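Structure file query.txt; described as compact mmCIF, C-alpha atoms.
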# COMPACT_ATOMS: atom_id res chain seq x y z
CA MET A 1 0.00 0.00 0.00
CA ASN A 2 2.82 2.41 0.90
CA ALA A 3 4.47 1.63 -2.41
CA LEU A 4 1.28 2.59 -4.24
CA PHE A 5 1.14 5.93 -2.43
CA ARG A 6 4.77 6.67 -3.22
CA GLU A 7 4.18 5.88 -6.90
CA GLU A 8 1.16 8.18 -6.93
CA ASP A 9 3.22 11.00 -5.36
CA ARG A 10 5.89 10.58 -8.02
CA ARG A 11 3.31 10.79 -10.78
CA ARG A 12 1.88 13.99 -9.32
CA SER A 13 5.28 15.64 -8.86
CA ARG A 14 6.52 14.72 -12.35
CA PRO A 15 4.56 17.47 -14.22
CA PHE A 16 5.79 20.08 -11.74
CA ALA A 17 9.41 18.97 -12.18
CA GLN A 18 9.07 19.10 -15.97
CA TRP A 19 7.50 22.54 -15.75
CA ALA A 20 10.32 23.78 -13.46
CA GLU A 21 12.95 22.35 -15.83
CA GLY A 22 11.34 24.17 -18.74
CA ILE A 23 11.29 27.48 -16.87
CA LEU A 24 14.95 27.14 -15.84
CA LEU A 25 15.91 26.23 -19.41
CA ILE A 26 14.15 29.32 -20.77
CA ILE A 27 15.83 31.54 -18.16
CA GLY A 28 19.21 30.06 -19.06
CA LEU A 29 18.65 30.65 -22.77
CA LEU A 30 17.55 34.23 -22.14
CA CYS A 31 20.65 34.91 -20.04
CA PHE A 32 22.86 33.40 -22.74
CA CYS A 33 21.18 35.47 -25.45
CA TRP A 34 21.49 38.65 -23.36
CA PHE A 35 25.18 38.01 -22.72
CA GLY A 36 25.76 37.22 -26.39
CA TYR A 37 23.96 40.37 -27.52
CA ASN A 38 25.98 42.60 -25.20
CA TRP A 39 29.25 40.95 -26.22
CA LEU A 40 28.49 41.32 -29.93
CA ALA A 41 27.34 44.92 -29.47
CA SER A 42 30.52 45.72 -27.55
CA GLN A 43 32.76 44.13 -30.18
CA ALA A 44 30.90 45.79 -33.06
CA GLY A 45 31.05 49.19 -31.34
CA GLN A 46 34.78 48.86 -30.68
CA MET A 47 35.40 47.76 -34.27
CA TRP A 48 33.52 50.70 -35.80
CA SER A 49 35.02 53.24 -33.41
CA ASN A 50 38.55 51.99 -34.03
CA TYR A 51 38.03 52.10 -37.78
CA SER A 52 36.48 55.59 -37.63
CA LEU A 53 39.38 56.92 -35.55
CA ASP A 54 42.03 55.45 -37.86
CA ALA A 55 40.19 56.75 -40.92
CA ARG A 56 40.01 60.30 -39.54
CA LEU A 57 43.69 60.19 -38.58
CA ALA A 58 44.40 59.29 -42.20
CA GLY A 59 42.22 62.14 -43.45
CA ARG A 60 39.43 59.88 -44.72
CA GLU A 61 35.72 59.87 -44.04
CA PRO A 62 34.71 56.60 -42.35
CA THR A 63 32.25 54.52 -44.38
CA VAL A 64 30.69 51.10 -44.03
CA THR A 65 32.41 50.07 -47.28
CA GLY A 66 35.76 51.09 -45.83
CA LEU A 67 35.10 49.06 -42.70
CA LEU A 68 34.16 45.99 -44.73
CA ARG A 69 37.31 46.43 -46.81
CA GLN A 70 39.37 46.57 -43.64
CA ILE A 71 37.68 43.48 -42.22
CA ALA A 72 38.45 41.67 -45.47
CA LYS A 73 42.06 42.87 -45.06
CA ARG A 74 42.23 44.25 -48.56
CA PRO A 75 45.39 46.29 -49.20
CA GLU A 76 44.84 50.03 -48.96
CA SER A 77 45.50 52.31 -51.88
CA ALA A 78 48.26 54.91 -51.64
CA GLU A 79 45.86 57.71 -50.71
CA GLU A 80 44.25 55.59 -47.99
CA LYS A 81 47.42 54.77 -46.07
CA THR A 82 47.75 56.37 -42.66
CA ASP A 83 50.21 59.21 -42.28
CA ASP A 84 52.88 58.13 -39.79
CA SER A 85 53.12 61.69 -38.49
CA ALA A 86 49.70 61.23 -36.87
CA SER A 87 51.26 58.88 -34.32
CA GLN A 88 53.80 61.46 -33.11
CA PRO A 89 53.29 63.09 -29.68
CA ALA A 90 51.03 66.12 -29.93
CA LYS A 91 51.34 69.43 -28.15
CA LEU A 92 48.91 70.73 -25.56
CA ARG A 93 45.85 72.36 -27.02
CA ARG A 94 42.84 74.28 -25.85
CA PRO A 95 39.54 72.40 -25.87
CA THR A 96 37.85 72.81 -29.24
CA ARG A 97 34.55 71.09 -28.58
CA LYS A 98 32.26 69.76 -25.91
CA VAL A 99 32.01 65.99 -25.69
CA GLY A 100 28.57 64.48 -25.18
CA GLU A 101 27.78 61.51 -22.97
CA GLY A 102 28.76 58.28 -24.68
CA GLU A 103 30.61 60.05 -27.50
CA ASP A 104 33.92 58.65 -28.74
CA ILE A 105 36.99 60.52 -27.49
CA GLY A 106 39.81 58.34 -28.76
CA ARG A 107 41.67 55.14 -27.97
CA ILE A 108 43.93 54.09 -25.10
CA GLU A 109 46.84 51.80 -25.93
CA ILE A 110 49.26 50.10 -23.53
CA PRO A 111 51.42 48.05 -25.92
CA ARG A 112 53.24 45.85 -23.39
CA LEU A 113 49.98 44.82 -21.73
CA LYS A 114 48.21 44.36 -25.08
CA ILE A 115 45.51 46.83 -24.03
CA SER A 116 43.78 48.71 -26.84
CA ALA A 117 40.27 50.07 -26.30
CA ILE A 118 38.07 52.93 -27.38
CA VAL A 119 37.52 55.71 -24.83
CA ARG A 120 34.06 57.27 -24.53
CA GLN A 121 32.68 60.09 -22.45
CA GLY A 122 31.06 59.06 -19.18
CA ILE A 123 31.36 56.35 -16.55
CA ASP A 124 27.83 54.97 -16.30
CA ASP A 125 27.08 51.27 -16.82
CA GLY A 126 26.13 51.78 -20.46
CA VAL A 127 29.51 53.30 -21.32
CA LEU A 128 31.68 51.02 -19.18
CA SER A 129 30.04 47.89 -20.58
CA ARG A 130 31.30 48.76 -24.08
CA ALA A 131 34.33 51.04 -23.68
CA VAL A 132 36.79 52.70 -21.35
CA GLY A 133 35.07 55.68 -19.75
CA HIS A 134 36.41 59.22 -19.46
CA VAL A 135 35.56 60.80 -16.09
CA PRO A 136 33.63 63.96 -17.11
CA SER A 137 35.05 66.19 -14.35
CA THR A 138 38.65 65.60 -15.50
CA ALA A 139 40.73 67.04 -18.35
CA LEU A 140 40.41 65.83 -21.93
CA PRO A 141 43.41 64.50 -23.86
CA GLY A 142 45.58 67.43 -24.89
CA GLU A 143 44.42 69.69 -22.08
CA ARG A 144 46.60 70.63 -19.14
CA GLY A 145 45.58 68.74 -16.03
CA ASN A 146 44.65 65.24 -14.92
CA ILE A 147 42.83 62.92 -17.36
CA GLY A 148 40.76 60.27 -15.58
CA LEU A 149 39.91 57.02 -17.35
CA ALA A 150 37.98 54.11 -15.81
CA ALA A 151 37.13 50.58 -16.92
CA HIS A 152 36.04 47.26 -15.48
CA ARG A 153 38.73 44.96 -14.06
CA ASP A 154 37.26 41.97 -15.92
CA SER A 155 37.07 43.62 -19.36
CA TYR A 156 39.18 46.38 -20.92
CA PHE A 157 41.46 46.86 -17.89
CA ARG A 158 41.88 43.15 -17.14
CA ASN A 159 45.60 43.20 -18.03
CA LEU A 160 46.21 46.29 -15.92
CA ARG A 161 47.03 43.91 -13.06
CA ASP A 162 50.48 43.45 -14.64
CA VAL A 163 51.27 47.15 -15.11
CA ARG A 164 54.77 48.31 -14.20
CA GLU A 165 56.54 51.57 -13.63
CA GLY A 166 57.86 52.86 -16.94
CA ASP A 167 55.14 51.28 -19.09
CA LEU A 168 54.22 53.38 -22.12
CA ILE A 169 50.59 54.51 -22.49
CA LYS A 170 49.24 56.18 -25.62
CA VAL A 171 46.00 58.12 -25.95
CA VAL A 172 45.10 58.48 -29.62
CA THR A 173 42.49 61.04 -30.68
CA PRO A 174 41.53 62.66 -34.00
CA GLU A 175 43.47 65.74 -32.84
CA GLY A 176 46.69 63.81 -32.18
CA THR A 177 48.45 61.24 -30.00
CA TRP A 178 49.64 61.84 -26.45
CA GLN A 179 52.12 59.54 -24.74
CA TYR A 180 52.50 58.88 -21.03
CA THR A 181 54.83 56.86 -18.82
CA VAL A 182 53.61 55.08 -15.68
CA ASP A 183 55.02 56.67 -12.52
CA SER A 184 53.24 54.78 -9.74
CA THR A 185 50.34 52.58 -8.65
CA GLN A 186 48.30 52.57 -5.46
CA ILE A 187 45.29 50.92 -3.88
CA VAL A 188 42.64 53.18 -2.35
CA LYS A 189 39.12 53.11 -1.01
CA PRO A 190 36.26 54.11 -3.35
CA GLU A 191 35.73 57.36 -1.46
CA ASN A 192 39.32 58.51 -2.08
CA VAL A 193 38.35 60.53 -5.16
CA GLU A 194 41.20 62.99 -4.67
CA VAL A 195 43.26 60.80 -7.02
CA LEU A 196 41.26 62.49 -9.80
CA ASP A 197 41.99 66.04 -8.62
CA PRO A 198 43.53 68.43 -11.18
CA THR A 199 47.31 68.41 -11.48
CA PRO A 200 49.60 71.30 -12.49
CA ASN A 201 51.21 69.23 -15.25
CA PRO A 202 49.53 67.01 -17.88
CA SER A 203 48.93 63.58 -16.34
CA LEU A 204 46.80 60.48 -16.71
CA THR A 205 45.02 58.46 -14.01
CA LEU A 206 43.59 55.00 -14.68
CA VAL A 207 41.01 53.58 -12.29
CA THR A 208 39.62 50.07 -11.95
CA CYS A 209 38.20 47.90 -9.19
CA TYR A 210 40.43 45.87 -6.88
CA PRO A 211 41.20 43.04 -6.11
CA PHE A 212 41.19 41.87 -9.72
CA TYR A 213 39.95 38.37 -8.88
CA TYR A 214 37.39 39.40 -6.28
CA VAL A 215 33.95 37.80 -6.67
CA GLY A 216 31.20 40.41 -6.52
CA HIS A 217 31.58 44.17 -6.01
CA ALA A 218 35.26 44.78 -5.27
CA PRO A 219 35.82 46.88 -2.12
CA LYS A 220 38.80 48.93 -3.33
CA ARG A 221 40.16 50.78 -6.34
CA PHE A 222 43.43 50.23 -8.19
CA ILE A 223 45.00 53.48 -9.39
CA VAL A 224 47.67 53.97 -12.04
CA ARG A 225 49.32 57.40 -12.27
CA ALA A 226 51.23 58.42 -15.40
CA ARG A 227 52.84 61.65 -16.57
CA GLN A 228 52.70 62.99 -20.10
CA LEU A 229 55.89 62.79 -22.12
CA ASP A 230 57.22 65.95 -23.66
CA VAL A 231 57.17 66.17 -27.45
CA HIS A 232 60.96 65.93 -27.52
CA GLU A 233 61.28 63.40 -24.70
CA VAL A 234 62.55 59.92 -25.50
CA ALA A 235 59.97 57.14 -25.07
CA PRO A 236 60.35 55.40 -21.69
CA ARG A 237 62.40 52.28 -21.40
CA THR A 238 60.39 49.08 -21.48
CA ALA A 239 59.66 47.13 -18.34
CA ALA A 240 61.40 44.12 -19.86
CA ALA A 241 64.67 46.04 -20.02
CA THR A 242 64.28 47.58 -16.56
CA PRO A 243 62.33 45.31 -14.21
CA ALA A 244 59.88 47.08 -11.95
CA PRO A 245 57.29 45.86 -9.46
CA SER A 246 53.97 44.78 -10.94
CA VAL A 247 50.55 45.10 -9.32
CA ARG A 248 50.97 41.63 -7.79
CA SER A 249 54.04 42.73 -5.82
CA VAL A 250 52.37 46.04 -5.00
CA SER A 251 49.32 44.23 -3.62
CA ARG A 252 51.49 41.92 -1.51
CA HIS A 253 53.32 44.91 -0.08
CA HIS A 254 49.98 46.63 0.58
CA SER A 255 48.68 43.54 2.42
CA ARG A 256 51.81 43.27 4.59
CA ARG A 257 51.60 46.97 5.46
CA ARG A 258 47.97 46.63 6.52
CA SER A 259 48.75 43.61 8.68
Please express what this file holds, its structure, as structure tokens.
Amino acid sequence: MNALFREEDRRRSRPFAQWAEGILLIIGLLCFCWFGYNWLASQAGQMWSNYSLDARLAGREPTVTGLLRQIAKRPESAEEKTDDSASQPAKLRRPTRKVGEGEDIGRIEIPRLKISAIVRQGIDDGVLSRAVGHVPSTALPGERGNIGLAAHRDSYFRNLRDVREGDLIKVVTPEGTWQYTVDSTQIVKPENVEVLDPTPNPSLTLVTCYPFYYVGHAPKRFIVRARQLDVHEVAPRTAAATPAPSVRSVSRHHSRRRS
């Protein structure tokens, strides 16, 4: 008799289990589709913005045909080749335009860390999910002062964990290219916003969450400070030639100091 009751209970619970499985499957598919959409949108946005920037640096008007030609890796004609002078360090300039929220500003490049990402105005979730964000209250590339750039530790600034003193950073814009050399790194609390205060000389501050491998909302911020190189200054020596402490050694020192 007990066996009959147990069999009856199993029959009754089976439709509910199938229904729950179906709901969980649909939720999983929706999450996968949402992640895929955001990833594709991010990649497509970066691709178009990179192409548009390179085209303007070369004196061309960006077009969809030009992008498709670049994707197909067709050789450029003589008039389409980029002028090498565009990559030279630019002088300070006065701001020529206001930058709207979400508008492209340029591209940040850290060659040794293989970081190359489009920079857009703003630091809200919409911007940071698809680009490196420029902190609106800070200077723009080419202006005197402190440029603040922020990005997620698990996306565009993932490799920033291996940054070293002396690393070369480039900020490429349609107006020119500015080069910086990393001076220092530090770990601060989120409320320590003074790291973005104006500076008397042109400088660059990179901000991301810390620790890099923390699960959930990271409790601290990792700060990279860099100074702008003079037009006639020699590019900084590479970290490979002159070893310097990376963020891993910095974090270990920070932990020992706290303890």
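CA of Lys98 (chain A) is found 13.8 Å from CA of Glu175 (chain A).
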Identify, on the basis of all atoms listed in the file, every residue whose closest approach to Phe222 (chain A) does not exceed 10 Å; exclude the query and any residue fewer than 3 positions from it along the same chain; express the result as a PyMOL selection string. chain A and resi 153+160-161+185-190+206-212+247+251
Take CA of Leu53 (chain A) and CA of Ala226 (chain A) and report the distance between them in Å, one decimal.
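Computing it gives 23.4 Å between the two atoms.
Put simply, CA of Ile223 (chain A) is 18.4 Å away from CA of Lys114 (chain A).
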Counting only C-alpha atoms, the residue among A:Leu24, A:Ala218, A:Leu229, A:Val132 that lies closest to Asp167 (chain A) is A:Leu229
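Taking only C-alpha atoms into account, Arg227 (chain A) lies nearest to A:Trp178 out of the set A:Tyr51, A:Trp178, A:Tyr213, A:Phe157.
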Grab region 116-155 of chain A from that structure and dump N, CA and C atoms to a file, as a short mmCIF file (atom, residue, chain, number, x, y, z; two decimals), in the first residue's frame.
data_model
loop_
_atom_site.label_atom_id
_atom_site.label_comp_id
_atom_site.auth_asym_id
_atom_site.auth_seq_id
_atom_site.Cartn_x
_atom_site.Cartn_y
_atom_site.Cartn_z
N SER A 116 44.16 47.75 -25.80
CA SER A 116 43.78 48.71 -26.84
C SER A 116 42.26 48.79 -26.82
N ALA A 117 41.72 49.94 -26.43
CA ALA A 117 40.27 50.07 -26.30
C ALA A 117 39.84 51.49 -26.57
N ILE A 118 38.66 51.63 -27.12
CA ILE A 118 38.07 52.93 -27.38
C ILE A 118 37.68 53.60 -26.06
N VAL A 119 37.89 54.91 -26.00
CA VAL A 119 37.52 55.71 -24.83
C VAL A 119 36.29 56.54 -25.18
N ARG A 120 35.28 56.49 -24.32
CA ARG A 120 34.06 57.27 -24.53
C ARG A 120 33.77 58.13 -23.31
N GLN A 121 33.01 59.17 -23.53
CA GLN A 121 32.68 60.09 -22.45
C GLN A 121 31.68 59.46 -21.49
N GLY A 122 31.98 59.55 -20.19
CA GLY A 122 31.06 59.06 -19.18
C GLY A 122 31.54 57.80 -18.49
N ILE A 123 30.97 57.54 -17.33
CA ILE A 123 31.36 56.35 -16.55
C ILE A 123 30.13 55.59 -16.04
N ASP A 124 29.00 55.75 -16.73
CA ASP A 124 27.83 54.97 -16.30
C ASP A 124 27.94 53.55 -16.85
N ASP A 125 27.01 52.68 -16.45
CA ASP A 125 27.08 51.27 -16.82
C ASP A 125 27.03 51.08 -18.33
N GLY A 126 26.24 51.92 -19.02
CA GLY A 126 26.13 51.78 -20.46
C GLY A 126 27.44 52.01 -21.18
N VAL A 127 28.21 53.00 -20.70
CA VAL A 127 29.51 53.30 -21.32
C VAL A 127 30.54 52.25 -20.94
N LEU A 128 30.64 51.93 -19.65
CA LEU A 128 31.68 51.02 -19.18
C LEU A 128 31.48 49.58 -19.66
N SER A 129 30.26 49.24 -20.07
CA SER A 129 30.04 47.89 -20.58
C SER A 129 30.58 47.73 -22.00
N ARG A 130 30.88 48.85 -22.68
CA ARG A 130 31.30 48.76 -24.08
C ARG A 130 32.54 49.57 -24.42
N ALA A 131 33.14 50.23 -23.41
CA ALA A 131 34.33 51.04 -23.68
C ALA A 131 35.00 51.42 -22.37
N VAL A 132 36.15 52.03 -22.49
CA VAL A 132 36.79 52.70 -21.35
C VAL A 132 36.12 54.05 -21.20
N GLY A 133 35.79 54.43 -19.97
CA GLY A 133 35.07 55.68 -19.75
C GLY A 133 35.97 56.82 -19.32
N HIS A 134 35.71 58.01 -19.87
CA HIS A 134 36.41 59.22 -19.46
C HIS A 134 35.60 59.89 -18.36
N VAL A 135 36.24 60.15 -17.21
CA VAL A 135 35.56 60.80 -16.09
C VAL A 135 35.26 62.25 -16.48
N PRO A 136 34.00 62.65 -16.57
CA PRO A 136 33.63 63.96 -17.11
C PRO A 136 34.26 65.15 -16.41
N SER A 137 34.52 65.05 -15.10
CA SER A 137 35.05 66.19 -14.35
C SER A 137 36.55 66.38 -14.56
N THR A 138 37.20 65.51 -15.32
CA THR A 138 38.65 65.60 -15.50
C THR A 138 38.98 66.16 -16.88
N ALA A 139 40.28 66.44 -17.09
CA ALA A 139 40.73 67.04 -18.35
C ALA A 139 40.54 66.07 -19.51
N LEU A 140 40.44 66.62 -20.70
CA LEU A 140 40.41 65.83 -21.93
C LEU A 140 41.83 65.68 -22.46
N PRO A 141 42.08 64.65 -23.27
CA PRO A 141 43.41 64.50 -23.86
C PRO A 141 43.85 65.77 -24.59
N GLY A 142 45.07 66.21 -24.29
CA GLY A 142 45.58 67.43 -24.89
C GLY A 142 45.43 68.65 -24.03
N GLU A 143 44.59 68.57 -22.99
CA GLU A 143 44.42 69.69 -22.08
C GLU A 143 45.39 69.56 -20.91
N ARG A 144 45.74 70.67 -20.32
CA ARG A 144 46.60 70.63 -19.14
C ARG A 144 45.78 70.18 -17.94
N GLY A 145 46.30 69.24 -17.19
CA GLY A 145 45.58 68.74 -16.03
C GLY A 145 45.62 67.23 -15.96
N ASN A 146 44.68 66.67 -15.22
CA ASN A 146 44.65 65.24 -14.92
C ASN A 146 43.51 64.58 -15.70
N ILE A 147 43.84 63.67 -16.60
CA ILE A 147 42.83 62.92 -17.36
C ILE A 147 42.47 61.67 -16.58
N GLY A 148 41.21 61.46 -16.30
CA GLY A 148 40.76 60.27 -15.58
C GLY A 148 40.04 59.30 -16.49
N LEU A 149 40.52 58.06 -16.55
CA LEU A 149 39.91 57.02 -17.35
C LEU A 149 39.58 55.83 -16.46
N ALA A 150 38.41 55.24 -16.64
CA ALA A 150 37.98 54.11 -15.81
C ALA A 150 37.46 52.99 -16.69
N ALA A 151 37.64 51.76 -16.21
CA ALA A 151 37.13 50.58 -16.92
C ALA A 151 37.00 49.43 -15.95
N HIS A 152 36.24 48.42 -16.34
CA HIS A 152 36.04 47.26 -15.48
C HIS A 152 37.30 46.41 -15.42
N ARG A 153 37.54 45.81 -14.27
CA ARG A 153 38.73 44.96 -14.06
C ARG A 153 38.63 43.63 -14.79
N ASP A 154 37.42 43.26 -15.23
CA ASP A 154 37.26 41.97 -15.92
C ASP A 154 36.99 42.17 -17.42
N SER A 155 37.26 43.39 -17.92
CA SER A 155 37.07 43.62 -19.36
C SER A 155 38.28 44.36 -19.92
#
